[in-house]
Each structure stands twice: as C-alpha cells, then as structure tokens.
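Colleague: Sharing a structure, written as structure tokens. Questions coming.
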Amino acid sequence: MHVVCVGDLMVDFVARLPGPIAFGSDTPAAIEVYGGGAAANVAAWLAHAGAQATFVGRIGDDHAGLMAADELTAAGVTPVVEIDPNRATGLCIVLVDERGERSMVPSTGANDAAADVALIPATADWLYVSGYALLGEGPRSFALDALALARERGWSIAVDAASAAPLAAAGAENFLDWIGTDLLLFANHDEARVLTGLDEPSAAAQALALRCGHAVVKRGPLGAVWSDGTGVRSVPAVEVEVFDSTGAGDAFAAGFLAATGEIADCLDQATRLASRAVAHAGARPRPAAS
C-alpha cells in the first residue's frame, strides 16, 4: 500500500497549559518542539502502520525545514519537498489545555504557495490531500492539480476537511466543488456540521457520502461514523486517557487508509491509531526506543 500525502509540513511548538491562560500576564508551561502539519503527520502515521508513505510539499530554506524533512525520513516517510527561497518553513504554536484539547496558532510560511505537481511520484495506490492545501489560496492550484492527476492515473483519493473555521470562511459549497466526487472524505463533527448544516453525525456522514462517495465523521471520544450514502456504520473510540489531542485525526486517517480489510477493519485500525496519538505529546508517532 503506497499513499502519497500532499499538503502541509510544519514545526509545532507545543505548550501544555496547567490551567486557563493568565491573559496580560504569564502562564508557565512545558514547551516542546515536534514535527507537524496534517499531511506530514498522516504520512508519518502511515509509515508507522506499515504502509509506504510519500510526502509532497514545501519547506523554507532554513534549519527548521531541513529538520522537518529529516524527521520524516527518520519516521520511514519519503519526503519530496520544494524549497522556497523567500518563505520560511511553516510554524505552529499549539496550546494544549489541561483536558488535552489543542488550539492552534499557525504561520503557514512555505506551505502558502503551490508546489510543482511534477513532484508527485508516478505510482501509488492512494492520494491523500490535506484540506489545508485547498483552503489556502496559495497552495490550492497544487491541490487541485494533484486531485486531477490522481483521477487521471486511477488512484483512490482521500481528502480531510482540515479545520472548521477556515472551512466556514471558504464556504462549504466551494470546498465540496473543489474536491469533487468518487472519494473518501474525512471530517470531524464540527467540520461535518459546516459542510452539511446537520448536527447529527450519522445524517451528516450520509449526506457527505451522497455528495462525495464515502465519508467518515470523526467524533473524538465518541468514536466515528462511516457512510457510503446507502447506510452508516458506527464505531466507538478506544478508551484512553487523553494527554494531547494534536494529530489524533491525522492518525485516524492514516489507520483507515493503511488497513486492507473490510470497513470494520479500517475503522478499528483508525480508532486504535488515534488512541495512540492522544496518549502522548505531539502529533506524530513516538520513535522506537533505541
């Protein structure tokens, strides 16, 4: 199984907050640096799950970019990156509250421009597109070209809706028109609500599947719902203490795509990988102990 992941590569500065922020003052917190970016995270989790993963995207001509590419290589991913001479590598401040819920303050940097579609490998089984690559005006042409190329080559396609706020700003109809049909769409509950106007996850999953082909609505600690437009299948989450929810959705998508069995197997592996993601800090798999 070979999955090409296109979209964002970031460096995350993760701050675990002990309580509410003291606005206008100081809130001491543990701060650590990790690899980030939705598409890059999915690629790392795919490699962790035993799939062949290639990441295609952009970095700046700086130490952060080289470090980010090296981290992907160390994780078993093949990074194919275009170096931007003017924009810095994307950075993100991630604030994780005492419940493990994360909020992000991104600076997209080199991600905010279109990569060359010629960087995409000639062969693969799946194309995964991070919604961030469609929601930004700069990288959108690359994401659209990648989708067209995958369809031309007969690859299966998966798209993640990325984030509710920029999704709402771009417009649900615009996003759904950009991604087209005959694909698998991942969306969390908030994103599914933006795309459909429906609050009930099963109804939203079915509506999205009717429009796109297949859809999964991720519900965090409540599990997930899959639909092909004719029916739905629900799965509970794996019970685990949440330390940091950063990257949980990326791990879920990777687990689903890496599975080779029936839908039940895909959902099972997806929820198990997501449970591993939330149990530690950062959005990527923990490296194996040496």
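Lettering and numbering for the structure tokens are positional, with chains as A, B, ... in the shown order, residues counted from 1 in each chain, and ligands counted from 1 in the shown order.
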Write out as a list in words each polymer residue whose atoms come within 7 Å of Pro236 of chain A, counting only C-alpha atoms; drop sequence neighbours fewer than 3 positions from it.
Modeller: Leu222, Gly223 and Ala224 of chain A
Colleague: Take the selection from the previous step and output its residues with N, CA and C atoms, as a CSV table (one decimal), in the first residue's frame.
Modeller:
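Result file follows (part.csv):
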```
chain,number,residue,atom,x,y,z
A,222,LEU,N,-16.2,10.0,21.2
A,222,LEU,CA,-17.4,9.3,20.9
A,222,LEU,C,-17.3,8.3,19.7
A,223,GLY,N,-16.1,8.2,19.2
A,223,GLY,CA,-15.9,7.3,18.1
A,223,GLY,C,-16.0,8.0,16.7
A,224,ALA,N,-16.6,7.2,15.7
A,224,ALA,CA,-16.7,7.7,14.4
A,224,ALA,C,-17.8,7.1,13.7
```
Colleague: Quick one: everything within 9 Å of segment 33-39 of chain A, counting only C-alpha atoms, minus sequence neighbours fewer than 6 positions away in the same chain. Send it as a PyMOL selection string.
Modeller: chain A and resi 5-15+55-57+67-68+71-72+90-92+128-132+160+162+247+249-250+281-284
Colleague: Could you check which of A:Ala143, A:Ala148, A:Glu191, A:Pro85 is closest to Ala161 of chain A, using only C-alpha atoms?
Modeller: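 Closest candidate: A:Glu191.
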Colleague: Restricting the calculation to only C-alpha atoms, which member of A:Arg272, A:Arg153, A:His2, A:Arg58 is positioned closest to Pro221 of chain A?
Modeller: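 Ranking A:Arg272, A:Arg153, A:His2, A:Arg58 by distance to Pro221 of chain A, first place goes to A:Arg272.
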Colleague: As number ranges by chain, list the residues of segment 7-103 of chain A assigned to alpha helix (DSSP H) by DSSP on the backbone atoms of this structure.
Modeller: A: 38-48, 63-74
Colleague: Atoms to include: C-alpha atoms. Write the selected residues as an mmCIF file, in the first residue's frame.
Modeller:
```
data_model
loop_
_atom_site.group_PDB
_atom_site.id
_atom_site.type_symbol
_atom_site.label_atom_id
_atom_site.label_comp_id
_atom_site.auth_asym_id
_atom_site.auth_seq_id
_atom_site.Cartn_x
_atom_site.Cartn_y
_atom_site.Cartn_z
ATOM 1 C CA ALA A 38 -1.606 17.495 8.752
ATOM 2 C CA ALA A 39 -0.345 15.876 5.542
ATOM 3 C CA ALA A 40 3.082 15.205 7.017
ATOM 4 C CA ASN A 41 1.528 13.765 10.175
ATOM 5 C CA VAL A 42 -0.640 11.388 8.136
ATOM 6 C CA ALA A 43 2.440 10.249 6.214
ATOM 7 C CA ALA A 44 4.304 9.560 9.472
ATOM 8 C CA TRP A 45 1.414 7.555 10.921
ATOM 9 C CA LEU A 46 1.044 5.626 7.652
ATOM 10 C CA ALA A 47 4.675 4.568 7.826
ATOM 11 C CA HIS A 48 4.159 3.649 11.484
ATOM 12 C CA HIS A 63 17.194 24.884 9.519
ATOM 13 C CA ALA A 64 13.581 24.227 10.529
ATOM 14 C CA GLY A 65 12.765 22.919 7.062
ATOM 15 C CA LEU A 66 15.771 20.623 6.899
ATOM 16 C CA MET A 67 14.960 19.339 10.377
ATOM 17 C CA ALA A 68 11.341 18.708 9.381
ATOM 18 C CA ALA A 69 12.351 16.771 6.252
ATOM 19 C CA ASP A 70 14.928 14.745 8.190
ATOM 20 C CA GLU A 71 12.316 13.850 10.816
ATOM 21 C CA LEU A 72 10.035 12.469 8.108
ATOM 22 C CA THR A 73 12.870 10.387 6.700
ATOM 23 C CA ALA A 74 13.633 9.049 10.168
#
```
Colleague: Using only C-alpha atoms, which residues sit within 12 Å of Ser234 of chain A once same-chain residues fewer than 2 positions away are excluded, as a ChimeraX atom specification?
Modeller: /A:201-203,205-206,215-219,222-227,231-232,236-237,263-264,266-268,271
Colleague: If you run DSSP on the backbone, which residues of segment 79-236 of chain A are strand (DSSP E), as a ChimeraX atom specification?
Modeller: /A:79-84,90-96,102-107,126-130,156-160,183-188,213-218,224-227,232-235
Colleague: Keeping only C-alpha atoms, write the selected residues as an mmCIF file, in the first residue's frame.
Modeller:
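Saved as result30.cif:
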```
data_model
loop_
_atom_site.group_PDB
_atom_site.id
_atom_site.type_symbol
_atom_site.label_atom_id
_atom_site.label_comp_id
_atom_site.auth_asym_id
_atom_site.auth_seq_id
_atom_site.Cartn_x
_atom_site.Cartn_y
_atom_site.Cartn_z
ATOM 1 C CA PRO A 79 9.831 13.413 1.722
ATOM 2 C CA VAL A 80 9.689 15.127 -1.666
ATOM 3 C CA VAL A 81 9.943 18.803 -0.853
ATOM 4 C CA GLU A 82 10.277 22.002 -2.805
ATOM 5 C CA ILE A 83 12.421 24.654 -1.092
ATOM 6 C CA ASP A 84 11.045 28.194 -1.046
ATOM 7 C CA GLY A 90 5.669 26.720 8.425
ATOM 8 C CA LEU A 91 5.480 27.061 12.205
ATOM 9 C CA CYS A 92 2.602 26.463 14.595
ATOM 10 C CA ILE A 93 2.048 27.315 18.245
ATOM 11 C CA VAL A 94 -0.098 24.566 19.765
ATOM 12 C CA LEU A 95 -1.770 25.264 23.093
ATOM 13 C CA VAL A 96 -2.893 22.104 24.883
ATOM 14 C CA ARG A 102 -5.481 21.618 21.483
ATOM 15 C CA SER A 103 -5.843 25.058 19.889
ATOM 16 C CA MET A 104 -3.507 26.147 17.104
ATOM 17 C CA VAL A 105 -1.887 29.410 16.046
ATOM 18 C CA PRO A 106 -0.302 28.635 12.645
ATOM 19 C CA SER A 107 2.067 30.606 10.455
ATOM 20 C CA TRP A 126 -3.913 6.449 -2.766
ATOM 21 C CA LEU A 127 -3.639 10.210 -2.864
ATOM 22 C CA TYR A 128 -4.316 11.918 0.467
ATOM 23 C CA VAL A 129 -4.951 15.664 0.320
ATOM 24 C CA SER A 130 -4.915 17.793 3.452
ATOM 25 C CA SER A 156 -8.076 6.172 -4.889
ATOM 26 C CA ILE A 157 -8.468 9.584 -3.249
ATOM 27 C CA ALA A 158 -8.946 10.706 0.335
ATOM 28 C CA VAL A 159 -9.413 14.302 1.487
ATOM 29 C CA ASP A 160 -9.547 15.689 5.015
ATOM 30 C CA LEU A 183 -13.502 9.874 -2.992
ATOM 31 C CA LEU A 184 -13.306 9.351 0.749
ATOM 32 C CA LEU A 185 -13.856 12.459 2.866
ATOM 33 C CA PHE A 186 -12.726 12.695 6.485
ATOM 34 C CA ALA A 187 -14.345 15.376 8.634
ATOM 35 C CA ASN A 188 -14.698 15.856 12.358
ATOM 36 C CA GLY A 213 -18.723 8.872 -2.479
ATOM 37 C CA HIS A 214 -17.708 7.822 1.050
ATOM 38 C CA ALA A 215 -17.377 9.823 4.259
ATOM 39 C CA VAL A 216 -16.184 9.381 7.814
ATOM 40 C CA VAL A 217 -17.279 11.762 10.563
ATOM 41 C CA LYS A 218 -14.788 11.647 13.428
ATOM 42 C CA ALA A 224 -16.666 7.729 14.365
ATOM 43 C CA VAL A 225 -19.369 7.169 11.752
ATOM 44 C CA TRP A 226 -18.742 5.915 8.207
ATOM 45 C CA SER A 227 -21.200 6.027 5.310
ATOM 46 C CA VAL A 232 -23.931 4.013 8.065
ATOM 47 C CA ARG A 233 -21.607 2.163 10.389
ATOM 48 C CA SER A 234 -20.556 3.486 13.781
ATOM 49 C CA VAL A 235 -17.571 2.549 15.894
#
```
Colleague: Could you work out how far atom CA of Asp97 of chain A lies from atom CA of Pro20 of chain A, giving the answer in Å with one decimal?
Modeller: 7.6 Å
Colleague: What's around Ala49 of chain A at 12 Å? Count only C-alpha atoms, leave out sequence neighbours fewer than 6 positions away in its own chain, and write the answer as a ChimeraX atom specification.
Modeller: /A:1-3,42-43,75-77,251-260,266,269-270,272-274,276,284-285
Colleague: Nearest residue to Ala172 of chain A out of A:Gly197, A:Gly109, A:Gly136, A:Gly100, using only C-alpha atoms?
Modeller: A:Gly197
Colleague: Mind giving me the straight-line distance from atom CA of Ala150 of chain A to atom CA of Ala209 of chain A in Å, one decimal?
Modeller: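 It comes out at 19.5 Å.
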Colleague: Which of these, A:Asp199, A:Asp190, A:Glu241, A:Asp112, has the shortest distance to Ser163 of chain A once you count only C-alpha atoms?
Modeller: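 Closest to Ser163 of chain A of all the choices is A:Asp190.
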Colleague: What separation in Å, quoted to one decimal, exists between atom CA of Asp116 of chain A and atom CA of Phe142 of chain A?
Modeller: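 Atom-to-atom, atom CA of Asp116 of chain A and atom CA of Phe142 of chain A are spaced 6.8 Å apart.
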